[in-house]
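Student: My structure file entry_15.cif, mmCIF, C-alpha atoms and all ligand atoms, is below:
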data_query
#
loop_
_atom_site.label_atom_id
_atom_site.label_comp_id
_atom_site.auth_asym_id
_atom_site.auth_seq_id
_atom_site.Cartn_x
_atom_site.Cartn_y
_atom_site.Cartn_z
CA MET O 1 0.00 0.00 0.00
CA ASN O 2 1.47 3.34 -1.05
CA LYS O 3 -0.76 6.35 -0.34
CA GLU O 4 1.39 8.71 -2.39
CA GLU O 5 1.04 6.52 -5.44
CA TRP O 6 -2.73 6.30 -4.94
CA LEU O 7 -2.95 10.05 -4.57
CA LYS O 8 -1.09 10.50 -7.85
CA LYS O 9 -3.49 8.12 -9.55
CA GLY O 10 -6.55 9.59 -7.79
CA PHE O 11 -7.83 6.22 -6.58
CA VAL O 12 -6.73 3.07 -4.76
CA ASN O 13 -5.40 0.78 -7.45
CA GLU O 14 -4.89 -2.27 -5.26
CA LYS O 15 -5.64 -5.54 -7.01
CA ILE O 16 -8.74 -7.29 -5.68
CA ASP O 17 -8.94 -11.06 -5.25
CA SER O 18 -11.04 -12.23 -8.21
CA THR O 19 -12.92 -14.75 -6.03
CA LEU O 20 -14.23 -11.98 -3.74
CA ASP O 21 -17.99 -11.35 -3.92
CA LEU O 22 -17.63 -7.59 -4.38
CA LYS O 23 -21.24 -6.67 -3.64
CA SER O 24 -21.33 -8.57 -0.31
CA ALA O 25 -17.89 -7.20 0.60
CA ILE O 26 -19.02 -3.61 -0.06
CA ASN O 27 -22.19 -4.12 1.97
CA LYS O 28 -20.18 -5.63 4.85
CA LEU O 29 -17.71 -2.73 4.90
CA LYS O 30 -20.57 -0.27 4.72
CA GLU O 31 -22.21 -1.74 7.80
CA GLU O 32 -18.97 -2.08 9.79
CA LYS O 33 -18.06 1.54 9.12
CA ASN O 34 -21.57 3.05 9.31
CA ALA O 35 -21.19 4.40 5.79
CA VAL O 36 -23.84 5.47 3.33
CA ILE O 37 -23.47 5.19 -0.46
CA LEU O 38 -25.06 8.00 -2.46
CA ALA O 39 -25.10 7.64 -6.25
CA HIS O 40 -26.09 9.92 -9.11
CA TYR O 41 -28.35 8.65 -11.93
CA TYR O 42 -25.38 8.88 -14.33
CA GLN O 43 -23.40 6.20 -12.50
CA LYS O 44 -22.94 2.72 -13.95
CA GLY O 45 -25.92 0.46 -13.27
CA GLU O 46 -23.90 -1.78 -10.92
CA ILE O 47 -23.16 1.23 -8.70
CA GLN O 48 -26.74 2.48 -8.75
CA ASP O 49 -27.88 -1.02 -7.72
CA ILE O 50 -25.65 -1.16 -4.63
CA ALA O 51 -26.21 2.45 -3.50
CA ASP O 52 -28.40 3.32 -0.50
CA TYR O 53 -29.82 6.28 -2.39
CA VAL O 54 -29.82 7.09 -6.10
CA GLY O 55 -30.84 10.59 -7.09
CA ASP O 56 -30.25 13.84 -8.93
CA SER O 57 -27.89 16.58 -7.78
CA LEU O 58 -30.48 18.15 -5.48
CA ALA O 59 -31.41 14.86 -3.80
CA LEU O 60 -27.73 13.99 -3.26
CA ALA O 61 -27.17 17.30 -1.47
CA GLN O 62 -30.33 16.84 0.61
CA TRP O 63 -29.32 13.32 1.69
CA ALA O 64 -25.74 14.41 2.42
CA ALA O 65 -27.07 17.18 4.67
CA LYS O 66 -29.24 14.90 6.80
CA THR O 67 -27.47 11.54 6.95
CA THR O 68 -26.48 10.13 10.33
CA ALA O 69 -23.77 7.93 8.78
CA ASP O 70 -20.12 8.52 9.76
CA ILE O 71 -18.88 8.13 6.19
CA ILE O 72 -20.51 9.35 2.98
CA VAL O 73 -19.32 7.65 -0.20
CA LEU O 74 -20.37 9.93 -3.03
CA CYS O 75 -20.55 7.98 -6.28
CA GLY O 76 -20.71 10.89 -8.65
CA VAL O 77 -18.27 13.63 -9.56
CA HIS O 78 -15.97 15.86 -7.54
CA PHE O 79 -18.27 18.88 -7.08
CA MET O 80 -20.93 16.55 -5.62
CA GLY O 81 -18.40 15.29 -3.08
CA GLU O 82 -17.43 18.87 -2.23
CA THR O 83 -21.08 19.83 -1.71
CA ALA O 84 -21.57 16.83 0.60
CA LYS O 85 -18.43 17.73 2.60
CA ILE O 86 -19.47 21.39 2.90
CA LEU O 87 -22.91 20.35 4.19
CA SER O 88 -21.54 17.67 6.53
CA PRO O 89 -18.07 18.93 7.52
CA ASP O 90 -17.70 16.53 10.45
CA LYS O 91 -18.21 13.47 8.28
CA LYS O 92 -15.66 11.70 6.16
CA VAL O 93 -16.64 12.13 2.50
CA LEU O 94 -15.11 9.68 0.04
CA ILE O 95 -15.27 9.48 -3.75
CA PRO O 96 -14.12 6.31 -5.56
CA ASP O 97 -11.99 8.23 -8.10
CA LEU O 98 -10.72 11.77 -7.57
CA ASN O 99 -10.33 12.19 -11.34
CA ALA O 100 -14.12 12.28 -11.69
CA GLY O 101 -14.36 15.97 -12.57
CA CYS O 102 -16.92 17.85 -14.65
CA SER O 103 -16.36 19.75 -17.91
CA LEU O 104 -19.07 22.23 -16.93
CA ALA O 105 -17.45 23.01 -13.56
CA ASP O 106 -14.10 23.27 -15.38
CA SER O 107 -15.57 25.86 -17.76
CA CYS O 108 -15.88 28.28 -14.83
CA LEU O 109 -12.58 29.03 -13.10
CA ALA O 110 -13.08 30.64 -9.69
CA ASP O 111 -10.66 33.54 -10.31
CA GLU O 112 -12.28 34.49 -13.61
CA PHE O 113 -15.80 34.11 -12.24
CA SER O 114 -14.95 36.22 -9.15
CA GLN O 115 -13.60 38.94 -11.45
CA PHE O 116 -16.78 38.77 -13.56
CA VAL O 117 -18.86 39.19 -10.38
CA LYS O 118 -16.67 42.15 -9.27
CA ASP O 119 -17.12 43.73 -12.70
CA HIS O 120 -20.90 43.70 -12.22
CA PRO O 121 -21.68 45.36 -8.90
CA GLY O 122 -25.31 45.27 -7.87
CA TYR O 123 -25.95 41.87 -9.47
CA LYS O 124 -27.16 38.85 -7.48
CA VAL O 125 -25.19 35.71 -8.29
CA ILE O 126 -26.97 32.41 -8.97
CA SER O 127 -24.72 29.41 -9.65
CA TYR O 128 -25.56 25.95 -10.85
CA VAL O 129 -24.43 23.25 -8.41
CA ASN O 130 -22.00 22.00 -11.11
CA THR O 131 -19.30 24.39 -9.88
CA THR O 132 -16.29 24.24 -7.58
CA ALA O 133 -16.63 25.20 -3.91
CA ALA O 134 -14.63 28.37 -4.70
CA VAL O 135 -17.28 29.50 -7.21
CA LYS O 136 -20.05 28.70 -4.73
CA ALA O 137 -18.18 30.89 -2.21
CA VAL O 138 -18.83 33.98 -4.40
CA THR O 139 -22.44 32.97 -5.08
CA ASP O 140 -25.65 34.22 -3.42
CA VAL O 141 -27.67 31.09 -4.07
CA VAL O 142 -26.89 27.73 -5.65
CA VAL O 143 -29.44 25.98 -7.87
CA THR O 144 -29.82 22.60 -9.54
CA SER O 145 -31.81 21.81 -12.66
CA THR O 146 -34.70 20.68 -10.40
CA ASN O 147 -35.14 24.02 -8.64
CA ALA O 148 -33.49 26.63 -10.94
CA LYS O 149 -36.74 27.99 -12.40
CA GLN O 150 -38.48 28.39 -9.03
CA ILE O 151 -35.41 29.86 -7.30
CA VAL O 152 -34.87 32.40 -10.10
CA GLU O 153 -38.56 33.30 -9.86
CA SER O 154 -38.19 33.90 -6.11
CA PHE O 155 -36.15 37.02 -7.00
CA PRO O 156 -37.99 40.23 -7.96
CA LYS O 157 -38.63 40.52 -11.70
CA ASP O 158 -36.30 43.53 -12.04
CA GLU O 159 -33.43 42.01 -10.00
CA LYS O 160 -30.14 42.08 -11.91
CA ILE O 161 -28.80 38.51 -11.92
CA ILE O 162 -25.63 36.76 -13.03
CA PHE O 163 -26.27 33.08 -13.82
CA GLY O 164 -23.40 30.64 -14.24
CA PRO O 165 -21.86 28.56 -15.53
CA ASP O 166 -24.18 26.72 -17.96
CA ARG O 167 -25.24 28.92 -20.88
CA ASN O 168 -27.80 26.36 -22.10
CA LEU O 169 -29.53 26.04 -18.74
CA GLY O 170 -29.28 29.84 -18.33
CA ASN O 171 -30.88 30.47 -21.73
CA TYR O 172 -33.61 27.96 -20.97
CA ILE O 173 -34.38 29.54 -17.57
CA ASN O 174 -34.35 33.02 -19.17
CA SER O 175 -36.91 31.83 -21.71
CA VAL O 176 -39.29 30.14 -19.24
CA THR O 177 -39.11 32.96 -16.68
CA ASN O 178 -39.04 35.80 -19.22
CA ARG O 179 -35.85 37.24 -17.71
CA SER O 180 -32.56 38.35 -19.15
CA MET O 181 -30.02 37.12 -16.63
CA LEU O 182 -26.41 37.74 -17.54
CA LEU O 183 -24.95 34.35 -18.48
CA TRP O 184 -21.52 32.82 -17.98
CA ASP O 185 -20.38 31.09 -21.17
CA GLY O 186 -19.90 27.52 -19.93
CA ALA O 187 -21.29 24.16 -21.02
CA CYS O 188 -21.26 20.40 -20.42
CA HIS O 189 -19.42 18.41 -23.10
CA VAL O 190 -21.95 15.56 -22.88
CA HIS O 191 -25.17 17.56 -23.18
CA GLU O 192 -23.78 19.78 -25.96
CA GLN O 193 -23.15 16.71 -28.09
CA PHE O 194 -26.69 15.55 -28.91
CA SER O 195 -27.40 15.47 -32.61
CA VAL O 196 -30.51 17.27 -33.86
CA GLU O 197 -30.47 15.27 -37.12
CA LYS O 198 -30.22 11.92 -35.36
CA ILE O 199 -33.02 12.81 -32.94
CA ILE O 200 -35.22 13.81 -35.90
CA GLU O 201 -34.36 10.47 -37.59
CA LEU O 202 -35.27 8.58 -34.40
CA LYS O 203 -38.55 10.50 -34.16
CA ALA O 204 -39.36 9.44 -37.73
CA GLN O 205 -38.63 5.79 -36.86
CA HIS O 206 -40.66 6.01 -33.63
CA PRO O 207 -43.46 8.51 -34.34
CA ASP O 208 -45.12 7.88 -30.96
CA ALA O 209 -41.93 8.49 -28.97
CA ILE O 210 -41.79 11.34 -26.48
CA VAL O 211 -38.53 13.31 -26.47
CA LEU O 212 -37.19 13.95 -22.96
CA ALA O 213 -34.30 16.44 -22.67
CA HIS O 214 -32.14 17.86 -19.90
CA PRO O 215 -31.88 21.68 -19.89
CA GLU O 216 -28.08 21.45 -20.24
CA CYS O 217 -28.76 20.52 -23.92
CA LYS O 218 -28.46 23.19 -26.63
CA SER O 219 -31.62 25.16 -27.42
CA VAL O 220 -31.92 23.46 -30.86
CA VAL O 221 -32.28 20.12 -29.05
CA LEU O 222 -34.64 21.57 -26.42
CA LYS O 223 -36.87 22.80 -29.26
CA LEU O 224 -37.36 19.16 -30.31
CA ALA O 225 -38.21 18.06 -26.78
CA ASP O 226 -41.70 17.31 -25.50
CA VAL O 227 -40.46 17.50 -21.92
CA VAL O 228 -37.48 19.47 -20.53
CA GLY O 229 -36.34 18.74 -16.99
CA SER O 230 -33.73 17.57 -14.53
CA THR O 231 -32.85 13.87 -14.40
CA ALA O 232 -35.35 13.41 -11.53
CA ALA O 233 -38.07 15.30 -13.43
CA LEU O 234 -37.53 13.26 -16.62
CA LEU O 235 -37.64 10.02 -14.63
CA LYS O 236 -40.84 11.10 -12.88
CA TYR O 237 -42.42 12.02 -16.21
CA ALA O 238 -41.51 8.64 -17.74
CA VAL O 239 -42.94 6.76 -14.74
CA ASN O 240 -46.25 8.68 -14.63
CA SER O 241 -46.81 8.99 -18.38
CA SER O 242 -49.19 6.69 -20.27
CA ASP O 243 -46.78 6.89 -23.24
CA LYS O 244 -44.73 3.81 -23.97
CA CYS O 245 -41.66 5.00 -25.87
CA PHE O 246 -39.14 7.75 -25.00
CA ILE O 247 -36.08 9.24 -26.68
CA VAL O 248 -33.84 10.41 -23.84
CA ALA O 249 -31.46 13.35 -24.37
CA THR O 250 -29.33 13.26 -21.24
CA GLU O 251 -26.49 11.07 -20.00
CA SER O 252 -27.53 7.48 -20.72
CA GLY O 253 -26.99 6.29 -17.12
CA ILE O 254 -30.52 7.52 -16.34
CA LEU O 255 -31.91 4.80 -18.61
CA HIS O 256 -30.95 2.21 -15.98
CA GLU O 257 -33.42 3.59 -13.42
CA MET O 258 -36.03 4.40 -16.11
CA GLN O 259 -35.95 0.82 -17.38
CA LYS O 260 -35.96 -0.55 -13.83
CA LYS O 261 -39.01 1.50 -12.84
CA CYS O 262 -40.80 0.97 -16.19
CA PRO O 263 -39.84 -2.48 -17.53
CA GLN O 264 -42.67 -2.44 -20.11
CA LYS O 265 -41.61 0.88 -21.67
CA THR O 266 -38.96 1.54 -24.31
CA PHE O 267 -36.17 4.05 -23.67
CA ILE O 268 -33.91 5.08 -26.54
CA PRO O 269 -30.76 7.10 -25.77
CA ALA O 270 -30.46 10.19 -27.99
CA PRO O 271 -27.26 9.85 -30.04
CA PRO O 272 -24.36 12.28 -29.96
CA ASN O 273 -23.02 14.06 -33.07
CA ASP O 274 -19.57 12.62 -33.64
CA SER O 275 -19.87 9.02 -32.69
CA THR O 276 -20.97 5.69 -34.01
CA CYS O 277 -22.15 4.89 -30.49
CA ALA O 278 -25.91 5.06 -29.83
CA CYS O 279 -25.61 6.55 -26.39
CA ASN O 280 -23.99 9.46 -24.65
CA GLU O 281 -21.92 8.82 -21.54
CA CYS O 282 -20.09 11.18 -19.19
CA SER O 283 -16.51 9.91 -19.11
CA PHE O 284 -16.06 11.45 -15.64
CA MET O 285 -19.13 9.79 -14.12
CA ARG O 286 -18.10 6.46 -15.62
CA LEU O 287 -14.67 6.49 -13.93
CA ASN O 288 -16.24 5.07 -10.79
CA SER O 289 -16.49 1.28 -10.63
CA LEU O 290 -17.44 -1.38 -8.08
CA GLU O 291 -13.74 -2.19 -7.62
CA LYS O 292 -12.83 1.43 -6.87
CA LEU O 293 -15.87 1.73 -4.58
CA TYR O 294 -14.73 -1.34 -2.64
CA ASN O 295 -11.14 -0.11 -2.29
CA CYS O 296 -12.29 3.37 -1.35
CA LEU O 297 -14.49 2.02 1.46
CA LYS O 298 -11.79 -0.39 2.62
CA TYR O 299 -9.00 2.21 2.81
CA GLU O 300 -11.24 5.27 3.36
CA PHE O 301 -9.42 6.91 0.47
CA PRO O 302 -9.54 9.17 -1.54
CA GLU O 303 -11.18 11.66 0.77
CA ILE O 304 -12.74 15.00 -0.21
CA ASP O 305 -11.24 17.99 1.52
CA VAL O 306 -12.48 21.58 1.17
CA ASP O 307 -10.51 24.63 2.30
CA LYS O 308 -12.09 25.88 5.56
CA ASP O 309 -12.45 29.54 4.51
CA ILE O 310 -14.00 28.60 1.17
CA ALA O 311 -16.34 26.08 2.83
CA GLU O 312 -17.54 28.70 5.36
CA LYS O 313 -18.60 30.97 2.48
CA ALA O 314 -19.91 28.28 0.13
CA VAL O 315 -22.14 26.72 2.79
CA VAL O 316 -24.24 29.89 2.87
CA SER O 317 -25.24 29.72 -0.82
CA ILE O 318 -25.81 25.95 -0.69
CA LYS O 319 -27.95 26.12 2.48
CA ARG O 320 -29.95 28.96 0.94
CA MET O 321 -30.80 26.58 -1.92
CA LEU O 322 -31.81 23.79 0.48
CA ASP O 323 -34.00 26.15 2.53
CA LEU O 324 -35.70 27.56 -0.58
CA SER O 325 -36.20 24.04 -1.98
CA GLU O 326 -37.84 22.95 1.25
CA LYS O 327 -40.16 25.95 1.20
CA LEU O 328 -41.00 25.22 -2.44
CA GLY O 329 -41.69 21.58 -1.58
CA LEU O 330 -38.88 20.30 -3.84
P1 LIG Y 1 -29.23 16.84 -12.33
O1 LIG Y 1 -28.81 15.68 -11.52
O2 LIG Y 1 -29.54 18.01 -11.49
O3 LIG Y 1 -30.32 16.53 -13.29
O4 LIG Y 1 -27.95 17.30 -13.19
C1 LIG Y 1 -27.39 16.57 -14.18
C2 LIG Y 1 -25.92 16.68 -14.22
O5 LIG Y 1 -25.33 17.06 -15.19
C3 LIG Y 1 -25.15 16.27 -13.08
O6 LIG Y 1 -23.85 16.40 -13.38
FE1 LIG Y 2 -20.42 17.49 -15.66
FE2 LIG Y 2 -21.74 17.04 -17.89
FE3 LIG Y 2 -20.61 15.01 -16.66
FE4 LIG Y 2 -22.76 16.22 -15.57
S1 LIG Y 2 -22.70 15.08 -17.46
S2 LIG Y 2 -20.88 15.62 -14.52
S3 LIG Y 2 -22.42 18.32 -16.20
S4 LIG Y 2 -19.54 16.75 -17.56
#
Output the file's structure as structure tokens, nothing else.
Tutor:
Amino acid sequence: MNKEEWLKKGFVNEKIDSTLDLKSAINKLKEEKNAVILAHYYQKGEIQDIADYVGDSLALAQWAAKTTADIIVLCGVHFMGETAKILSPDKKVLIPDLNAGCSLADSCLADEFSQFVKDHPGYKVISYVNTTAAVKAVTDVVVTSTNAKQIVESFPKDEKIIFGPDRNLGNYINSVTNRSMLLWDGACHVHEQFSVEKIIELKAQHPDAIVLAHPECKSVVLKLADVVGSTAALLKYAVNSSDKCFIVATESGILHEMQKKCPQKTFIPAPPNDSTCACNECSFMRLNSLEKLYNCLKYEFPEIDVDKDIAEKAVVSIKRMLDLSEKLGL
């Protein structure tokens, strides 16, 4: 065991005995250590199946804030681990692979965003949860795709607002709230990839299919969508709908839960532009595996750490989101 080597790699790369029943071993470790496993809908199916809770970004933050476990294993990406640590600073927060970043969070560097905020005095700052803790520290209120519309609408109509970092989500929220928030020019490499032409082709092949799209998609894709919403909202729609076939324009991990909850329905992943593959996966989300999850629980490594001063500021904007969400019944 060499912690320095693991740290360089970003995960524990210790070989696991191939005869080990990984799922039972993970469950055993979880009980022994009073740990909870939280997983995002974009995780591999095997991780979603072993998690205690599977949810969208808002649900993950809500569970992280109220868990009584001693250890939180966040099977998602780095900013989700940071949010959990900021909300539960006394708990140990682990992530199976520290390399699980986010292209959207990376498109908004804290120094540049802070300067942008300074250049616009008098503006309120609303940031998507897909940001680093340092960006959240210069933010008035954090939002997720589940609560962005309602939280923006909780501000007076004439309030001057900076919205970052996702330009697609920002444009979508501007259009549904009839506002003109000032947008940061960031985007997610997965959601920007969906092909309009291929979705139109799929619609022609499946004329009864309903198109579900995440608001991180470009507006040309959202125009084709019958339903626009967060991963949790799209899942809820698919479960409650009497329709039987859906074209899904978000990371294809969500299809696992959709298919599980609706075994009789058909879910077709919307294809990306430059690929022969029929689905669209987030390479960061998919870095986590059962093996890394096992090693991370066993060695309690890698751990998420957030600078104390940054955490003290960021917690204010995150808690504001949780309080508003509770009031809004979200
Ligand atoms: P939600 O979980 O809020 O739908 O966000 C999707 C996403 O891109 C997470 O990284
Ligand atoms: Fe970030 Fe996009 Fe991956 Fe979500 S899907 S974690 S926004 S890169």
Student: Skip stretch 78-91 of chain O itself and residues of its chain fewer than 4 positions away, then list as an NGL selection string all residues within 8 Å of it, counting all atoms listed in the file.
Tutor: :O and (57 or 60-61 or 64-65 or 69-72 or 74 or 95 or 98-102 or 105 or 129-133 or 304-306 or 311-312 or 314-315 or 318-319)
Student: Given a cut-off of 10 Å, what residues near ligand LIG 2 (chain Y) show up using only C-alpha atoms and all ligand atoms, put as a PyMOL selection string?
Tutor: chain O and resi 40+42-43+57+76-80+100-107+128-131+166+187-192+216-217+250-253+280-286
Student: Quick one: distance from atom O2 of ligand LIG 1 (chain Y) to atom CA of O:Thr144 in Å, one decimal?
Tutor: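 Atom O2 of ligand LIG 1 (chain Y) sits 5.0 Å away from atom CA of O:Thr144.
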Student: Could the residues that lie within 6 Å of ligand LIG 1 (chain Y), counting all atoms listed in the file, be listed as a list in words?
Tutor: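 Answer in the requested format: Asp56, Ser57, Thr144, Ser145, Thr146, Ser230 and Thr231 of chain O.
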Student: How close does stretch 235-307 of chain O get to stretch 222-229 of chain O? List, as a Markdown table, each residue of stretch 235-307 of chain O within 10 Å, its nearest atom pair and the distance in Å to one decimal, counting only C-alpha atoms.
Tutor:
| residue | atom | partner | partner_atom | distance |
| --- | --- | --- | --- | --- |
| O:Leu235 | CA | O:Gly229 | CA | 9.1 |
| O:Lys236 | CA | O:Gly229 | CA | 9.8 |
| O:Tyr237 | CA | O:Val227 | CA | 8.2 |
| O:Ala238 | CA | O:Val227 | CA | 9.9 |
| O:Phe246 | CA | O:Asp226 | CA | 9.9 |
| O:Ile247 | CA | O:Ala225 | CA | 9.1 |
| O:Val248 | CA | O:Ala225 | CA | 9.3 |
| O:Ala249 | CA | O:Ala225 | CA | 8.6 |
| O:Thr250 | CA | O:Gly229 | CA | 9.9 |
Student: Hey, can you check how far atom CA of O:Cys296 sits from atom CA of O:Lys66?
Tutor: 22.1 Å
Student: If we count only C-alpha atoms and set the cut-off at 9 Å, which residues sit around O:Val316, ignoring sequence neighbours fewer than 3 positions away in its own chain? Please answer as a list in words.
Tutor: Lys136, Ala137, Thr139, Asp140, Val141, Ala311, Glu312, Lys313, Lys319, Arg320 and Met321 of chain O
Student: Provide the atom CA of O:Asn178 to atom CA of O:Gln62 distance in Å, to one decimal place.
Tutor: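 Separation between atom CA of O:Asn178 and atom CA of O:Gln62: 28.8 Å.
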Student: As lines of an AutoDock Vina configuration file, what would the box around stretch 263-270 of chain O look like: edges along x, y and z, 3 Å added on every side, centre and edge lengths in Å to one decimal?
Tutor:
center_x = -36.6
center_y = 3.9
center_z = -22.8
size_x = 18.2
size_y = 18.7
size_z = 16.5
Student: Name all residues at most 10 Å from O:Leu324 (count only C-alpha atoms; drop same-chain ones fewer than 6 positions away) and give them as a PyMOL selection string.
Tutor: chain O and resi 141+143+147+150-151+154+330
Student: Go through O:Ala35, O:Glu257, O:Ile126, O:Leu94 and flag the residue nearest O:Gly10, using only C-alpha atoms for the distances.
Tutor: O:Leu94
Student: At a cut-off of 9 Å, using only C-alpha atoms, what residues contact O:Val54? Leave out same-chain residues fewer than 4 positions from it and give the result as a list in words.
Tutor: Ile37, Leu38, Ala39, His40, Tyr41, Gln48, Asp49, Ala59, Leu60 and Glu257 of chain O
Student: With only C-alpha atoms as the atoms that count, which of O:Leu202, O:Leu322, O:Val152, O:Val196 lies nearest to O:Met181?
Tutor: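 Of O:Leu202, O:Leu322, O:Val152, O:Val196, the one nearest O:Met181, counting only C-alpha atoms, is O:Val152.
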Student: Return the single residue from O:Thr266, O:Asn168, O:Asn295, O:Thr67 that is closest to O:His214, with distances computed using all atoms listed in the file.
Tutor: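 Closest candidate: O:Asn168.
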Student: Restrict the output to stretch 176-198 of chain O and N, CA and C atoms, then write it as a PDB file, in the first residue's frame.
Tutor:
ATOM      1  N   VAL O 176     -38.066  30.545 -19.952  1.00  0.00           N
ATOM      2  CA  VAL O 176     -39.292  30.139 -19.241  1.00  0.00           C
ATOM      3  C   VAL O 176     -39.681  31.116 -18.118  1.00  0.00           C
ATOM      4  N   THR O 177     -38.756  32.004 -17.732  1.00  0.00           N
ATOM      5  CA  THR O 177     -39.110  32.963 -16.677  1.00  0.00           C
ATOM      6  C   THR O 177     -39.241  34.384 -17.247  1.00  0.00           C
ATOM      7  N   ASN O 178     -38.985  34.492 -18.562  1.00  0.00           N
ATOM      8  CA  ASN O 178     -39.043  35.799 -19.216  1.00  0.00           C
ATOM      9  C   ASN O 178     -38.094  36.814 -18.557  1.00  0.00           C
ATOM     10  N   ARG O 179     -36.870  36.363 -18.321  1.00  0.00           N
ATOM     11  CA  ARG O 179     -35.845  37.235 -17.711  1.00  0.00           C
ATOM     12  C   ARG O 179     -34.678  37.371 -18.672  1.00  0.00           C
ATOM     13  N   SER O 180     -33.769  38.265 -18.329  1.00  0.00           N
ATOM     14  CA  SER O 180     -32.559  38.355 -19.154  1.00  0.00           C
ATOM     15  C   SER O 180     -31.337  38.363 -18.238  1.00  0.00           C
ATOM     16  N   MET O 181     -31.175  37.243 -17.529  1.00  0.00           N
ATOM     17  CA  MET O 181     -30.017  37.121 -16.633  1.00  0.00           C
ATOM     18  C   MET O 181     -28.744  37.159 -17.482  1.00  0.00           C
ATOM     19  N   LEU O 182     -27.701  37.682 -16.873  1.00  0.00           N
ATOM     20  CA  LEU O 182     -26.405  37.741 -17.541  1.00  0.00           C
ATOM     21  C   LEU O 182     -25.766  36.361 -17.405  1.00  0.00           C
ATOM     22  N   LEU O 183     -25.385  35.748 -18.542  1.00  0.00           N
ATOM     23  CA  LEU O 183     -24.955  34.347 -18.483  1.00  0.00           C
ATOM     24  C   LEU O 183     -23.439  34.181 -18.604  1.00  0.00           C
ATOM     25  N   TRP O 184     -22.906  33.268 -17.819  1.00  0.00           N
ATOM     26  CA  TRP O 184     -21.523  32.820 -17.983  1.00  0.00           C
ATOM     27  C   TRP O 184     -21.512  31.860 -19.176  1.00  0.00           C
ATOM     28  N   ASP O 185     -20.401  31.853 -19.929  1.00  0.00           N
ATOM     29  CA  ASP O 185     -20.384  31.088 -21.173  1.00  0.00           C
ATOM     30  C   ASP O 185     -19.792  29.689 -20.987  1.00  0.00           C
ATOM     31  N   GLY O 186     -20.409  28.884 -20.163  1.00  0.00           N
ATOM     32  CA  GLY O 186     -19.902  27.523 -19.930  1.00  0.00           C
ATOM     33  C   GLY O 186     -20.879  26.480 -20.452  1.00  0.00           C
ATOM     34  N   ALA O 187     -20.407  25.230 -20.545  1.00  0.00           N
ATOM     35  CA  ALA O 187     -21.289  24.158 -21.023  1.00  0.00           C
ATOM     36  C   ALA O 187     -20.747  22.790 -20.618  1.00  0.00           C
ATOM     37  N   CYS O 188     -21.633  21.801 -20.708  1.00  0.00           N
ATOM     38  CA  CYS O 188     -21.264  20.404 -20.422  1.00  0.00           C
ATOM     39  C   CYS O 188     -20.965  19.708 -21.749  1.00  0.00           C
ATOM     40  N   HIS O 189     -19.820  19.031 -21.828  1.00  0.00           N
ATOM     41  CA  HIS O 189     -19.418  18.408 -23.104  1.00  0.00           C
ATOM     42  C   HIS O 189     -20.347  17.268 -23.504  1.00  0.00           C
ATOM     43  N   VAL O 190     -21.043  16.674 -22.553  1.00  0.00           N
ATOM     44  CA  VAL O 190     -21.952  15.562 -22.884  1.00  0.00           C
ATOM     45  C   VAL O 190     -23.253  16.117 -23.469  1.00  0.00           C
ATOM     46  N   HIS O 191     -23.860  17.059 -22.756  1.00  0.00           N
ATOM     47  CA  HIS O 191     -25.174  17.561 -23.183  1.00  0.00           C
ATOM     48  C   HIS O 191     -25.110  18.426 -24.443  1.00  0.00           C
ATOM     49  N   GLU O 192     -23.910  18.969 -24.735  1.00  0.00           N
ATOM     50  CA  GLU O 192     -23.783  19.785 -25.957  1.00  0.00           C
ATOM     51  C   GLU O 192     -23.658  18.907 -27.197  1.00  0.00           C
ATOM     52  N   GLN O 193     -23.463  17.614 -26.973  1.00  0.00           N
ATOM     53  CA  GLN O 193     -23.149  16.709 -28.088  1.00  0.00           C
ATOM     54  C   GLN O 193     -24.354  16.132 -28.832  1.00  0.00           C
ATOM     55  N   PHE O 194     -25.559  16.262 -28.281  1.00  0.00           N
ATOM     56  CA  PHE O 194     -26.685  15.553 -28.909  1.00  0.00           C
ATOM     57  C   PHE O 194     -26.963  16.073 -30.315  1.00  0.00           C
ATOM     58  N   SER O 195     -27.227  15.141 -31.198  1.00  0.00           N
ATOM     59  CA  SER O 195     -27.399  15.474 -32.611  1.00  0.00           C
ATOM     60  C   SER O 195     -28.872  15.722 -32.951  1.00  0.00           C
ATOM     61  N   VAL O 196     -29.149  16.917 -33.451  1.00  0.00           N
ATOM     62  CA  VAL O 196     -30.512  17.275 -33.865  1.00  0.00           C
ATOM     63  C   VAL O 196     -30.970  16.319 -34.977  1.00  0.00           C
ATOM     64  N   GLU O 197     -30.099  16.116 -35.970  1.00  0.00           N
ATOM     65  CA  GLU O 197     -30.470  15.273 -37.123  1.00  0.00           C
ATOM     66  C   GLU O 197     -30.811  13.861 -36.668  1.00  0.00           C
ATOM     67  N   LYS O 198     -29.983  13.312 -35.781  1.00  0.00           N
ATOM     68  CA  LYS O 198     -30.221  11.920 -35.356  1.00  0.00           C
ATOM     69  C   LYS O 198     -31.476  11.802 -34.499  1.00  0.00           C
TER      70      LYS O 198
END
